[in-house]
>>> print(open('run-v8.pdb').read())   # PDB, C-alpha atoms
ATOM      1  CA  MET A  17      30.859 -44.140  56.834
ATOM      2  CA  ASN A  18      28.237 -46.411  55.235
ATOM      3  CA  PHE A  19      26.983 -47.476  51.819
ATOM      4  CA  ALA A  20      24.027 -45.038  51.819
ATOM      5  CA  GLN A  21      26.438 -42.145  52.318
ATOM      6  CA  LEU A  22      28.625 -43.339  49.462
ATOM      7  CA  ARG A  23      25.601 -43.686  47.168
ATOM      8  CA  ALA A  24      24.500 -40.151  48.057
ATOM      9  CA  PHE A  25      27.992 -38.813  47.338
ATOM     10  CA  GLN A  26      28.102 -40.557  43.949
ATOM     11  CA  ALA A  27      24.632 -39.295  42.984
ATOM     12  CA  ILE A  28      25.457 -35.683  43.815
ATOM     13  CA  ALA A  29      28.797 -35.898  42.010
ATOM     14  CA  THR A  30      26.931 -37.186  38.943
ATOM     15  CA  HIS A  31      23.943 -34.820  38.902
ATOM     16  CA  ARG A  32      25.448 -31.749  40.591
ATOM     17  CA  THR A  33      22.208 -30.877  42.411
ATOM     18  CA  PHE A  34      20.791 -32.302  45.638
ATOM     19  CA  SER A  35      17.266 -32.465  44.226
ATOM     20  CA  GLU A  36      18.245 -34.460  41.102
ATOM     21  CA  ALA A  37      20.430 -36.762  43.207
ATOM     22  CA  ALA A  38      17.526 -37.443  45.562
ATOM     23  CA  GLN A  39      15.215 -38.136  42.625
ATOM     24  CA  ALA A  40      17.748 -40.505  41.041
ATOM     25  CA  LEU A  41      18.074 -42.489  44.278
ATOM     26  CA  GLY A  42      14.364 -42.409  45.079
ATOM     27  CA  VAL A  43      14.866 -40.754  48.468
ATOM     28  CA  SER A  44      14.016 -37.373  49.974
ATOM     29  CA  GLN A  45      16.278 -34.361  49.600
ATOM     30  CA  PRO A  46      16.687 -34.032  53.414
ATOM     31  CA  ALA A  47      17.901 -37.646  53.477
ATOM     32  CA  ILE A  48      20.547 -36.868  50.832
ATOM     33  CA  THR A  49      21.615 -33.758  52.747
ATOM     34  CA  GLN A  50      21.962 -35.747  55.975
ATOM     35  CA  HIS A  51      23.993 -38.484  54.281
ATOM     36  CA  VAL A  52      26.411 -35.907  52.892
ATOM     37  CA  LYS A  53      26.691 -34.137  56.236
ATOM     38  CA  SER A  54      27.495 -37.438  57.968
ATOM     39  CA  LEU A  55      30.056 -38.341  55.305
ATOM     40  CA  GLU A  56      31.739 -34.945  55.626
ATOM     41  CA  GLU A  57      31.950 -35.474  59.385
ATOM     42  CA  ALA A  58      33.433 -38.950  58.841
ATOM     43  CA  VAL A  59      36.167 -37.769  56.443
ATOM     44  CA  GLY A  60      36.724 -34.453  58.219
ATOM     45  CA  ALA A  61      36.389 -32.303  55.127
ATOM     46  CA  ARG A  62      33.825 -30.349  53.156
ATOM     47  CA  LEU A  63      32.898 -32.168  49.944
ATOM     48  CA  PHE A  64      30.471 -29.917  48.043
ATOM     49  CA  VAL A  65      30.071 -26.174  47.517
ATOM     50  CA  ARG A  66      26.821 -24.622  46.317
ATOM     51  CA  THR A  67      27.154 -22.234  43.364
ATOM     52  CA  GLY A  68      24.717 -20.386  41.156
ATOM     53  CA  ALA A  69      24.975 -23.173  38.584
ATOM     54  CA  GLY A  70      24.479 -26.032  41.061
ATOM     55  CA  ILE A  71      27.015 -28.036  43.072
ATOM     56  CA  GLU A  72      30.781 -28.032  42.685
ATOM     57  CA  LEU A  73      33.095 -30.679  44.126
ATOM     58  CA  THR A  74      35.833 -29.531  46.477
ATOM     59  CA  PRO A  75      39.411 -30.770  45.888
ATOM     60  CA  ASP A  76      38.848 -33.361  48.634
ATOM     61  CA  ALA A  77      35.692 -34.595  46.897
ATOM     62  CA  ARG A  78      37.456 -34.850  43.519
ATOM     63  CA  ASP A  79      40.150 -36.913  45.214
ATOM     64  CA  LEU A  80      37.573 -39.202  46.854
ATOM     65  CA  LEU A  81      35.298 -39.690  43.844
ATOM     66  CA  PRO A  82      37.260 -42.368  41.903
ATOM     67  CA  ARG A  83      37.946 -44.283  45.112
ATOM     68  CA  ILE A  84      34.320 -44.236  46.246
ATOM     69  CA  ARG A  85      32.996 -45.287  42.846
ATOM     70  CA  GLN A  86      35.488 -48.133  42.641
ATOM     71  CA  VAL A  87      34.493 -49.303  46.153
ATOM     72  CA  MET A  88      30.830 -49.338  45.110
ATOM     73  CA  LEU A  89      31.572 -51.333  41.962
ATOM     74  CA  MET A  90      33.728 -53.758  43.938
ATOM     75  CA  LEU A  91      30.915 -54.321  46.429
ATOM     76  CA  ASP A  92      28.517 -55.061  43.563
ATOM     77  CA  ASP A  93      31.091 -57.414  42.086
ATOM     78  CA  ILE A  94      31.673 -59.216  45.392
ATOM     79  CA  GLY A  95      27.915 -59.577  45.866
ATOM     80  CA  ALA A  96      27.597 -61.164  42.432
ATOM     81  CA  ARG A  97      30.492 -63.555  43.044
ATOM     82  CA  MET A  98      29.093 -64.601  46.421
ATOM     83  CA  ASP A  99      25.772 -65.403  44.802
ATOM     84  CA  GLU A 100      25.420 -68.975  43.569
ATOM     85  CA  GLY A 101      24.432 -67.848  40.085
ATOM     86  CA  ARG A 102      27.239 -65.262  39.953
ATOM     87  CA  ALA A 103      24.741 -62.716  38.628
ATOM     88  CA  LEU A 104      24.115 -59.144  39.747
ATOM     89  CA  SER A 105      20.935 -58.996  41.817
ATOM     90  CA  ALA A 106      21.386 -55.315  42.697
ATOM     91  CA  GLY A 107      23.620 -52.382  41.898
ATOM     92  CA  TYR A 108      23.853 -49.007  40.205
ATOM     93  CA  LEU A 109      25.157 -47.944  36.803
ATOM     94  CA  ALA A 110      25.552 -44.397  35.510
ATOM     95  CA  LEU A 111      25.301 -44.573  31.733
ATOM     96  CA  GLY A 112      25.994 -41.859  29.158
ATOM     97  CA  LEU A 113      24.560 -42.033  25.644
ATOM     98  CA  CYS A 114      25.018 -40.040  22.464
ATOM     99  CA  ALA A 115      23.046 -42.504  20.340
ATOM    100  CA  PRO A 116      19.848 -43.848  21.956
ATOM    101  CA  TYR A 117      19.014 -45.874  18.834
ATOM    102  CA  VAL A 118      22.254 -47.824  19.267
ATOM    103  CA  ALA A 119      21.871 -48.211  23.030
ATOM    104  CA  MET A 120      18.263 -49.426  23.207
ATOM    105  CA  PRO A 121      18.936 -53.062  22.162
ATOM    106  CA  ILE A 122      21.619 -53.220  24.868
ATOM    107  CA  LEU A 123      19.318 -51.684  27.468
ATOM    108  CA  GLU A 124      16.523 -54.066  26.549
ATOM    109  CA  ARG A 125      18.779 -57.082  27.088
ATOM    110  CA  PHE A 126      20.524 -55.707  30.185
ATOM    111  CA  THR A 127      17.331 -54.773  32.049
ATOM    112  CA  ALA A 128      15.887 -58.219  31.314
ATOM    113  CA  LEU A 129      18.984 -59.959  32.687
ATOM    114  CA  TYR A 130      19.626 -57.612  35.629
ATOM    115  CA  PRO A 131      16.321 -56.086  36.755
ATOM    116  CA  GLY A 132      17.787 -55.231  40.161
ATOM    117  CA  VAL A 133      20.454 -52.901  38.741
ATOM    118  CA  ARG A 134      19.284 -49.287  38.770
ATOM    119  CA  LEU A 135      20.269 -47.315  35.658
ATOM    120  CA  ASP A 136      20.918 -43.584  35.628
ATOM    121  CA  VAL A 137      21.019 -42.480  31.974
ATOM    122  CA  ARG A 138      22.416 -39.185  30.664
ATOM    123  CA  LEU A 139      22.168 -37.939  27.044
ATOM    124  CA  GLU A 140      25.097 -35.857  25.758
ATOM    125  CA  ASN A 141      27.291 -35.551  22.683
ATOM    126  CA  SER A 142      30.365 -37.759  22.397
ATOM    127  CA  SER A 143      33.005 -35.230  23.469
ATOM    128  CA  THR A 144      31.026 -34.380  26.605
ATOM    129  CA  LEU A 145      30.571 -38.071  27.379
ATOM    130  CA  LEU A 146      34.327 -38.702  27.357
ATOM    131  CA  ASP A 147      34.755 -35.862  29.839
ATOM    132  CA  MET A 148      32.018 -37.350  32.026
ATOM    133  CA  VAL A 149      33.724 -40.756  32.037
ATOM    134  CA  ALA A 150      37.033 -39.083  32.932
ATOM    135  CA  GLN A 151      35.353 -37.159  35.773
ATOM    136  CA  HIS A 152      33.573 -40.315  37.082
ATOM    137  CA  ARG A 153      30.186 -38.737  36.356
ATOM    138  CA  VAL A 154      29.204 -41.775  34.283
ATOM    139  CA  ASP A 155      30.546 -45.319  34.542
ATOM    140  CA  VAL A 156      29.952 -46.291  30.920
ATOM    141  CA  ALA A 157      29.425 -44.245  27.774
ATOM    142  CA  ILE A 158      28.318 -45.251  24.301
ATOM    143  CA  ALA A 159      30.039 -42.698  22.103
ATOM    144  CA  THR A 160      30.887 -42.100  18.450
ATOM    145  CA  LEU A 161      34.666 -41.952  17.959
ATOM    146  CA  GLU A 162      36.995 -41.867  14.977
ATOM    147  CA  ALA A 163      39.409 -44.149  16.861
ATOM    148  CA  PRO A 164      39.584 -45.720  20.322
ATOM    149  CA  ASP A 165      40.818 -43.308  22.978
ATOM    150  CA  PRO A 166      43.982 -44.685  24.646
ATOM    151  CA  ASP A 167      43.013 -43.142  27.988
ATOM    152  CA  PHE A 168      39.979 -45.446  28.300
ATOM    153  CA  ALA A 169      38.909 -49.030  27.749
ATOM    154  CA  CYS A 170      37.083 -48.871  24.388
ATOM    155  CA  ASP A 171      35.053 -51.734  22.891
ATOM    156  CA  ARG A 172      34.032 -51.209  19.258
ATOM    157  CA  LEU A 173      30.358 -52.059  18.726
ATOM    158  CA  LEU A 174      29.509 -51.039  15.139
ATOM    159  CA  ASP A 175      30.273 -48.587  12.347
ATOM    160  CA  GLN A 176      28.485 -45.342  11.494
ATOM    161  CA  GLU A 177      28.325 -43.211   8.348
ATOM    162  CA  VAL A 178      27.152 -39.626   7.960
ATOM    163  CA  LEU A 179      24.149 -39.215   5.646
ATOM    164  CA  VAL A 180      22.443 -36.081   4.348
ATOM    165  CA  LEU A 181      18.796 -35.679   5.357
ATOM    166  CA  VAL A 182      16.384 -34.178   2.823
ATOM    167  CA  HIS A 183      12.688 -33.321   2.940
ATOM    168  CA  ASP A 184      10.055 -34.448   0.446
ATOM    169  CA  ALA A 185      10.080 -31.179  -1.510
ATOM    170  CA  HIS A 186      13.806 -31.292  -2.217
ATOM    171  CA  PRO A 187      15.119 -32.381  -5.663
ATOM    172  CA  TRP A 188      17.314 -35.021  -3.987
ATOM    173  CA  TRP A 189      14.302 -36.869  -2.599
ATOM    174  CA  GLY A 190      14.615 -40.474  -3.753
ATOM    175  CA  ARG A 191      18.276 -40.266  -4.730
ATOM    176  CA  ALA A 192      20.684 -42.785  -3.197
ATOM    177  CA  ALA A 193      23.754 -40.521  -3.239
ATOM    178  CA  VAL A 194      25.034 -37.088  -4.178
ATOM    179  CA  GLY A 195      28.498 -35.771  -4.988
ATOM    180  CA  VAL A 196      30.313 -33.644  -2.443
ATOM    181  CA  ARG A 197      30.363 -30.636  -4.809
ATOM    182  CA  GLU A 198      26.576 -30.731  -4.974
ATOM    183  CA  LEU A 199      26.460 -29.801  -1.287
ATOM    184  CA  VAL A 200      27.881 -26.339  -2.029
ATOM    185  CA  GLY A 201      25.138 -23.718  -1.909
ATOM    186  CA  GLN A 202      22.704 -25.914   0.044
ATOM    187  CA  ARG A 203      21.271 -24.591   3.300
ATOM    188  CA  PHE A 204      22.152 -26.867   6.241
ATOM    189  CA  VAL A 205      20.769 -27.312   9.732
ATOM    190  CA  GLN A 206      23.649 -28.508  11.921
ATOM    191  CA  ARG A 207      24.269 -29.901  15.388
ATOM    192  CA  GLU A 208      26.216 -27.975  18.049
ATOM    193  CA  ALA A 209      29.982 -27.519  17.712
ATOM    194  CA  GLY A 210      30.815 -30.436  20.046
ATOM    195  CA  SER A 211      28.805 -32.928  18.005
ATOM    196  CA  MET A 212      30.811 -35.806  16.497
ATOM    197  CA  THR A 213      28.319 -35.995  13.598
ATOM    198  CA  ARG A 214      29.029 -32.375  12.714
ATOM    199  CA  HIS A 215      32.785 -32.881  13.148
ATOM    200  CA  LEU A 216      32.836 -35.860  10.784
ATOM    201  CA  PHE A 217      30.782 -34.000   8.177
ATOM    202  CA  GLU A 218      32.883 -30.844   8.276
ATOM    203  CA  ALA A 219      36.150 -32.819   8.231
ATOM    204  CA  ALA A 220      35.023 -34.742   5.133
ATOM    205  CA  LEU A 221      34.149 -31.478   3.367
ATOM    206  CA  ALA A 222      37.433 -29.874   4.428
ATOM    207  CA  ARG A 223      39.382 -32.671   2.715
ATOM    208  CA  HIS A 224      37.804 -31.425  -0.520
ATOM    209  CA  GLY A 225      38.403 -27.763   0.284
ATOM    210  CA  ILE A 226      34.724 -27.118   1.032
ATOM    211  CA  GLU A 227      33.342 -25.188   3.988
ATOM    212  CA  ILE A 228      29.621 -24.795   4.637
ATOM    213  CA  ALA A 229      28.407 -22.402   7.325
ATOM    214  CA  PRO A 230      25.306 -23.748   9.077
ATOM    215  CA  HIS A 231      22.082 -21.855   8.490
ATOM    216  CA  LEU A 232      20.760 -22.995  11.869
ATOM    217  CA  VAL A 233      22.417 -24.778  14.828
ATOM    218  CA  LEU A 234      20.360 -27.073  17.064
ATOM    219  CA  GLY A 235      21.293 -29.110  20.118
ATOM    220  CA  SER A 236      19.883 -32.546  19.279
ATOM    221  CA  ARG A 237      19.409 -34.870  16.327
ATOM    222  CA  GLU A 238      15.654 -34.894  16.966
ATOM    223  CA  ALA A 239      15.540 -31.107  16.595
ATOM    224  CA  VAL A 240      17.578 -31.322  13.377
ATOM    225  CA  LYS A 241      15.156 -33.900  11.968
ATOM    226  CA  GLU A 242      12.162 -31.713  12.776
ATOM    227  CA  ALA A 243      13.842 -28.701  11.161
ATOM    228  CA  VAL A 244      14.489 -30.691   7.977
ATOM    229  CA  ALA A 245      10.910 -31.982   7.958
ATOM    230  CA  ALA A 246       9.785 -28.344   8.268
ATOM    231  CA  LYS A 247      11.871 -27.595   5.136
ATOM    232  CA  ILE A 248      14.184 -25.143   6.944
ATOM    233  CA  GLY A 249      17.191 -26.809   5.358
ATOM    234  CA  LEU A 250      19.049 -30.057   4.897
ATOM    235  CA  GLY A 251      20.477 -31.961   7.854
ATOM    236  CA  ILE A 252      23.022 -34.632   8.639
ATOM    237  CA  VAL A 253      22.601 -37.800  10.649
ATOM    238  CA  LEU A 254      24.491 -41.025  11.325
ATOM    239  CA  ASN A 255      22.968 -43.964   9.471
ATOM    240  CA  ARG A 256      22.218 -46.010  12.630
ATOM    241  CA  GLU A 257      20.349 -43.040  14.084
ATOM    242  CA  LEU A 258      18.143 -42.383  11.072
ATOM    243  CA  GLY A 259      15.017 -44.021  12.469
ATOM    244  CA  PHE A 260      11.805 -44.318  10.468
ATOM    245  CA  ASP A 261      10.254 -40.993   9.510
ATOM    246  CA  PRO A 262       8.279 -40.851   6.227
ATOM    247  CA  ARG A 263       8.921 -37.098   6.020
ATOM    248  CA  LEU A 264      12.680 -37.636   5.658
ATOM    249  CA  HIS A 265      14.990 -39.323   3.174
ATOM    250  CA  ALA A 266      18.708 -40.045   3.693
ATOM    251  CA  VAL A 267      21.292 -39.599   0.944
ATOM    252  CA  ALA A 268      24.917 -40.801   1.007
ATOM    253  CA  ILE A 269      27.837 -38.557   0.029
ATOM    254  CA  ALA A 270      29.334 -40.713  -2.693
ATOM    255  CA  ASP A 271      32.818 -39.258  -3.086
ATOM    256  CA  ALA A 272      33.408 -37.980   0.470
ATOM    257  CA  PRO A 273      32.258 -40.625   2.941
ATOM    258  CA  ALA A 274      32.413 -39.576   6.594
ATOM    259  CA  ARG A 275      32.648 -42.586   8.886
ATOM    260  CA  ALA A 276      33.324 -43.403  12.528
ATOM    261  CA  ASP A 277      32.603 -46.212  14.967
ATOM    262  CA  GLU A 278      30.390 -46.571  17.984
ATOM    263  CA  TYR A 279      32.339 -47.541  21.105
ATOM    264  CA  LEU A 280      31.502 -48.592  24.611
ATOM    265  CA  VAL A 281      33.847 -46.489  26.767
ATOM    266  CA  THR A 282      34.764 -47.094  30.423
ATOM    267  CA  ARG A 283      37.611 -46.327  32.784
ATOM    268  CA  LYS A 284      40.257 -49.037  32.605
ATOM    269  CA  GLU A 285      40.313 -49.678  36.337
ATOM    270  CA  ASN A 286      36.546 -50.319  36.452
ATOM    271  CA  ARG A 287      36.265 -52.352  33.263
ATOM    272  CA  GLN A 288      35.978 -55.761  34.987
ATOM    273  CA  LEU A 289      33.873 -54.709  37.985
ATOM    274  CA  GLY A 290      30.208 -55.257  38.819
ATOM    275  CA  ALA A 291      27.590 -53.605  36.662
ATOM    276  CA  VAL A 292      30.222 -52.114  34.317
ATOM    277  CA  ALA A 293      31.524 -55.569  33.368
ATOM    278  CA  ALA A 294      27.974 -56.936  33.037
ATOM    279  CA  PHE A 295      26.885 -54.078  30.750
ATOM    280  CA  ALA A 296      29.986 -54.445  28.565
ATOM    281  CA  ALA A 297      29.351 -58.179  28.214
ATOM    282  CA  VAL A 298      25.748 -57.574  27.141
ATOM    283  CA  ALA A 299      26.860 -54.924  24.603
ATOM    284  CA  ARG A 300      29.338 -57.347  23.046
ATOM    285  CA  GLU A 301      26.675 -60.054  22.903
ATOM    286  CA  VAL A 302      24.096 -57.774  21.281
ATOM    287  CA  PHE A 303      26.455 -56.497  18.567
ATOM    288  CA  GLY A 304      28.686 -59.541  18.239
ATOM    289  CA  ALA A 305      31.714 -57.456  19.156
TER     290      ALA A 305
END
>>> encode(input="run-v8.pdb", output="structure tokens")
Amino acid sequence: MNFAQLRAFQAIATHRTFSEAAQALGVSQPAITQHVKSLEEAVGARLFVRTGAGIELTPDARDLLPRIRQVMLMLDDIGARMDEGRALSAGYLALGLCAPYVAMPILERFTALYPGVRLDVRLENSSTLLDMVAQHRVDVAIATLEAPDPDFACDRLLDQEVLVLVHDAHPWWGRAAVGVRELVGQRFVQREAGSMTRHLFEAALARHGIEIAPHLVLGSREAVKEAVAAKIGLGIVLNRELGFDPRLHAVAIADAPARADEYLVTRKENRQLGAVAAFAAVAREVFGA
């Protein structure tokens, strides 16, 4: 058993296809296949099963995954501590994001400080990201949560508030806020059901006895923004993810604020190891957390 085999195992467990794992590691697919075959021979068990949807982990692989990832992080951590500058010169970090706008200042700082650490970034909604952290498919997630999850190590980075997006032909263009009752009868473009933004919005309305069925459901905030700009309906967005688009204007909900916080989420046992600890430290520095 060697480090290349462990890296191959981790990549496949994260991406669930041999081709994407090979691309993430910058090696050939036959090399990944050989590493897995050698690892299976070393542990005496089959680790992956091919299905129509990709790759599934066997029970033995699910049992090995947290141990292998912790070994890899420990090796990165030992390497950093052995170095005179106590800085990571190499390593790997699987990162999950629901809010790229929030993450980019952290990534900018982290990549400048640790250019040798290879980042593998996945974009998902917050509920999916928590599952991915639990399954060891990402090491760190930046997710929108109403409260810290007790099953993980959660560092609060900043607050978020749900705003209503309007297009330039809408009567609310230029307004700073609207009342919650004014939302009734408006046509909304919403995110998918697992979206924290949608959950916060619908929960705030429910507290006032209001339910709004989405006119259109889209799978990303960028798609929602484009739909609003195309005047298909109104949208919702978190204030830190608004960006700068002259076609759009954001309006607060004055009497039904919907708020949450952005957290850096990791597994407790990995919180102080290698690239995970380094990324968390940079996030706290960037946001003063």
>>> residues_around(input="run-v8.pdb", residues="stretch 281-288 of chain A", least_positions_apart="2", cutoff="7 Å", atoms="only C-alpha atoms", output="list in words")
Gln86, Val149, Asp155, Val156, Ala157, Ile158, Phe168, Ala169, Cys170, Asp171, Tyr279, Gly290, Val292 and Ala293 of chain A
>>> residues_around(input="run-v8.pdb", residues="stretch 260-264 of chain A", least_positions_apart="5", cutoff="6 Å", atoms="all atoms listed in the file", output="PyMOL selection string")
chain A and resi 182-183+245
>>> write_last_selection(input="run-v8.pdb", atoms="C-alpha atoms", output="PDB file, in the coordinates of the input")
ATOM      1  CA  VAL A 182      16.384 -34.178   2.823  1.00  0.00           C
ATOM      2  CA  HIS A 183      12.688 -33.321   2.940  1.00  0.00           C
ATOM      3  CA  ALA A 245      10.910 -31.982   7.958  1.00  0.00           C
TER       4      ALA A 245
END
>>> closest_residue(input="run-v8.pdb", among="A:Ala110, A:Ala219, A:Leu289, A:Leu250", to="A:His31", atoms="only C-alpha atoms")
A:Ala110
>>> residues_around(input="run-v8.pdb", residues="A:Ala291", least_positions_apart="5", cutoff="12 Å", atoms="only C-alpha atoms", output="JSON, numbers by chain")
{"A": [85, 86, 88, 89, 90, 91, 92, 93, 94, 95, 96, 103, 104, 105, 106, 107, 108, 109, 110, 111, 126, 127, 129, 130, 131, 132, 133, 134, 135, 155, 156, 282, 286, 296, 297, 298]}
>>> resolve_selection(input="run-v8.pdb", expression="the PyMOL selection byres ((chain A and resi 276-278) around 6)", output="list in words")
Ala159, Thr160, Leu161, Glu162, Leu173, Leu174, Asp175, Gln176, Arg275 and Tyr279 of chain A
>>> write_last_selection(input="run-v8.pdb", atoms="C-alpha atoms", output="compact mmCIF listing (two decimals), in the frame of the given file")
# COMPACT_ATOMS: atom_id res chain seq x y z
CA ALA A 159 30.04 -42.70 22.10
CA THR A 160 30.89 -42.10 18.45
CA LEU A 161 34.67 -41.95 17.96
CA GLU A 162 36.99 -41.87 14.98
CA LEU A 173 30.36 -52.06 18.73
CA LEU A 174 29.51 -51.04 15.14
CA ASP A 175 30.27 -48.59 12.35
CA GLN A 176 28.48 -45.34 11.49
CA ARG A 275 32.65 -42.59 8.89
CA TYR A 279 32.34 -47.54 21.10
>>> closest_residue(input="run-v8.pdb", among="A:Ala58, A:Ala268, A:Leu41, A:Met17", to="A:Trp189", atoms="all atoms listed in the file")
A:Ala268
>>> closest_residue(input="run-v8.pdb", among="A:Phe34, A:Val205, A:Val137, A:Glu242", to="A:Leu123", atoms="only C-alpha atoms")
A:Val137
>>> decode(input="run-v8.pdb", residues="stretch 144-160 of chain A", atoms="N, CA and C atoms", output="short mmCIF file (atom, residue, chain, number, x, y, z; two decimals), in the first residue's frame")
data_model
loop_
_atom_site.label_atom_id
_atom_site.label_comp_id
_atom_site.auth_asym_id
_atom_site.auth_seq_id
_atom_site.Cartn_x
_atom_site.Cartn_y
_atom_site.Cartn_z
N THR A 144 -26.74 19.39 0.45
CA THR A 144 -25.90 18.39 -0.21
C THR A 144 -24.48 18.45 0.31
N LEU A 145 -23.98 19.66 0.56
CA LEU A 145 -22.61 19.80 1.05
C LEU A 145 -22.43 19.14 2.41
N LEU A 146 -23.40 19.28 3.31
CA LEU A 146 -23.28 18.63 4.61
C LEU A 146 -23.22 17.11 4.46
N ASP A 147 -23.99 16.58 3.54
CA ASP A 147 -23.93 15.14 3.27
C ASP A 147 -22.55 14.75 2.74
N MET A 148 -21.98 15.58 1.89
CA MET A 148 -20.68 15.29 1.30
C MET A 148 -19.57 15.33 2.35
N VAL A 149 -19.68 16.27 3.30
CA VAL A 149 -18.71 16.28 4.41
C VAL A 149 -18.87 15.01 5.24
N ALA A 150 -20.09 14.64 5.54
CA ALA A 150 -20.35 13.44 6.35
C ALA A 150 -19.83 12.18 5.66
N GLN A 151 -19.92 12.14 4.33
CA GLN A 151 -19.48 10.97 3.56
C GLN A 151 -18.00 11.03 3.18
N HIS A 152 -17.28 12.05 3.65
CA HIS A 152 -15.85 12.24 3.34
C HIS A 152 -15.61 12.51 1.86
N ARG A 153 -16.62 13.04 1.17
CA ARG A 153 -16.44 13.37 -0.24
C ARG A 153 -15.84 14.76 -0.41
N VAL A 154 -15.97 15.61 0.59
CA VAL A 154 -15.23 16.87 0.65
C VAL A 154 -14.67 17.01 2.06
N ASP A 155 -13.53 17.68 2.17
CA ASP A 155 -12.90 17.89 3.47
C ASP A 155 -13.47 19.11 4.18
N VAL A 156 -13.78 20.13 3.41
CA VAL A 156 -14.27 21.40 3.94
C VAL A 156 -15.43 21.87 3.08
N ALA A 157 -16.45 22.41 3.71
CA ALA A 157 -17.55 23.02 2.96
C ALA A 157 -17.79 24.43 3.48
N ILE A 158 -18.16 25.32 2.58
CA ILE A 158 -18.65 26.64 2.97
C ILE A 158 -20.13 26.64 2.65
N ALA A 159 -20.95 26.62 3.72
CA ALA A 159 -22.37 26.38 3.56
C ALA A 159 -23.19 27.40 4.33
N THR A 160 -24.39 27.66 3.86
CA THR A 160 -25.33 28.56 4.53
C THR A 160 -26.19 27.75 5.49
#
